[in-house]
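Note sheet for the following structure.
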Amino acid sequence: MNRILVSNRFWQENNMNLILSIETSTPTCSVAIHQNGELIAQKLIVEDGGHSKQVTVLIDSLLQENGFNLSQIEAIAVSMGPGSYTGLRIGLATAKGLCFGLEIPLIALPTLKILAQGLRQSQQEYSHVRLLPMLDARRMEVYAACYELEDLQEIQASIAVILDENSFSELQGTTLLAFGNGAEKWQSTCRHPDIQFVNNPLFPEAQFMGALAYDEYLNKNFQDLVSLEPDYLKEFMGTQPKNKAL
């Protein structure tokens with residue numbers, strides 16, 4: 001099922017600092033425009049395998065509907081993984097192409113940090129906790145990382161984990177908020193004494209990239225357009241084609 005979300009906020013022409021964000025790590029494909037880290041608008045669609053068809057369409061309609069053109073964009077931010085192999089490749093290729101053509105810098109953001117920022121921007125209030133964003137990596141495997149709530153300082157870098165009842169036992173002593181579609185399948189078997197599960201569904205989206213991307217922009221933490229590759233965390237395990245008789 002496809003769905004489009006658009007949210008608008010007031011923007012000023014002076015000191016625009018417009019950044020276009022692209023997030024394609026899951027079946028949720030989203031793009032957003034931020035000014036100085038503040039969301040102006042987002043477009044989002046949920047369609048398995050639809051990133052290659054939809055991402056450029058979403059970008060074009062996002063710009064047109066909000067009165068912008070590509071020449072006004074000062075940087076592109078892209079979600080760098082972990083996540084869907086195909087989705088990440090499409091997102092990065094799109095971002096690189098735009099940066100090459102517009103001669104603007106590229107910003108790369110960890111997908112799990114984007115997800116953590118999404119929880120920070122949610123309406124729920126938390127204190128004295130650490131964030132444990134988790135993305136489904138099929139079966140009982142997840143991609144996970146751990147961050148401080150206040151400033152998203154990294155406690156545990158992004159890793160691929162096969163879940164069992166004692167997973168993340170090294171992270172104890174502080175309440176951990178586990179969330180994302182990877183956390184859902186762990187909830188029934190988890191025996192970690194400090195885990196609290198956030199049950200409302202949350203996915204990485206471009207709207208959550210604004211503040212993170214703007215901080216990278218101000219610090220000029222830009223990526224090399226030639227060498228940058230997605231952070232897959234593990235090798236692609238595709239199916240082998242069957243031999244056919246000649």
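A note on labels: chains of the structure tokens are A, B, ... as shown, every chain counts residues from 1, and ligands are counted from 1 in their shown order.
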
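Close contacts of Gln196 (chain A), defined as residues with an atom at most 10 Å away when counting only C-alpha atoms, with chain neighbours fewer than 2 positions off set aside, comprise Val129, Leu131, Leu132, Thr175, Leu176, Leu177, Ala178, Phe179, Gln187, His192, Pro193, Asp194, Val198 and Asn199 of chain A.
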
Could you list, with a cut-off of 8 Å and counting only C-alpha atoms, the residues of region 104-206 of chain A near region 19-36 of chain A, each shown with its nearest atom pair and the distance in Å rounded to one decimal, rows sorted by chain and ascending number, as JSON lines?
```
{"residue": "A:Thr111", "atom": "CA", "partner": "A:Ser25", "partner_atom": "CA", "distance": 7.2}
{"residue": "A:Phe203", "atom": "CA", "partner": "A:Thr28", "partner_atom": "CA", "distance": 7.5}
{"residue": "A:Pro204", "atom": "CA", "partner": "A:Glu23", "partner_atom": "CA", "distance": 7.2}
{"residue": "A:Glu205", "atom": "CA", "partner": "A:Glu23", "partner_atom": "CA", "distance": 5.9}
{"residue": "A:Ala206", "atom": "CA", "partner": "A:Glu23", "partner_atom": "CA", "distance": 5.2}
```

Print the selection's residues with C-alpha atoms to a file, as a compact mmCIF listing (two decimals), in the first residue's frame.
```txt
# COMPACT_ATOMS: atom_id res chain seq x y z
CA THR A 111 20.30 4.83 9.68
CA PHE A 203 10.75 3.67 11.03
CA PRO A 204 13.65 5.83 9.86
CA GLU A 205 12.30 8.77 7.85
CA ALA A 206 13.83 11.74 6.09
```

- Message: Which residues are near Gly81 (chain A)? Cut-off 12 Å, only C-alpha atoms, ignore same chain within fewer than 3 positions. Put them as a PyMOL selection string.
- Response: chain A and resi 22-26+78+84-92+108-115+135+137+143-145+158-160+204+229-234

- In region 33-172 of chain A, what's strand (DSSP E) per DSSP? Answer as an NGL selection string? :A and (33-35 or 38-46 or 73-79 or 106-109 or 129-136 or 141-148 or 154-162)

- Item | Point-to-point distance from CA of Glu165 (chain A) to CA of Ser188 (chain A), Å rounded to tenths |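 One can read the CA of Glu165 (chain A) to CA of Ser188 (chain A) distance as 9.0 Å.
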
- Message: Residues of region 50-237 of chain A classed as helix (DSSP H, G or I) by DSSP on the backbone are to be reported as a ChimeraX atom specification.
- Response: /A:51-65,70-72,85-102,111-120,181-184,206-218

- Between A:Lys220, A:Arg120, A:His128, A:Lys43, single out the one closest to Asp60 (chain A), counting only C-alpha atoms. A:Lys43
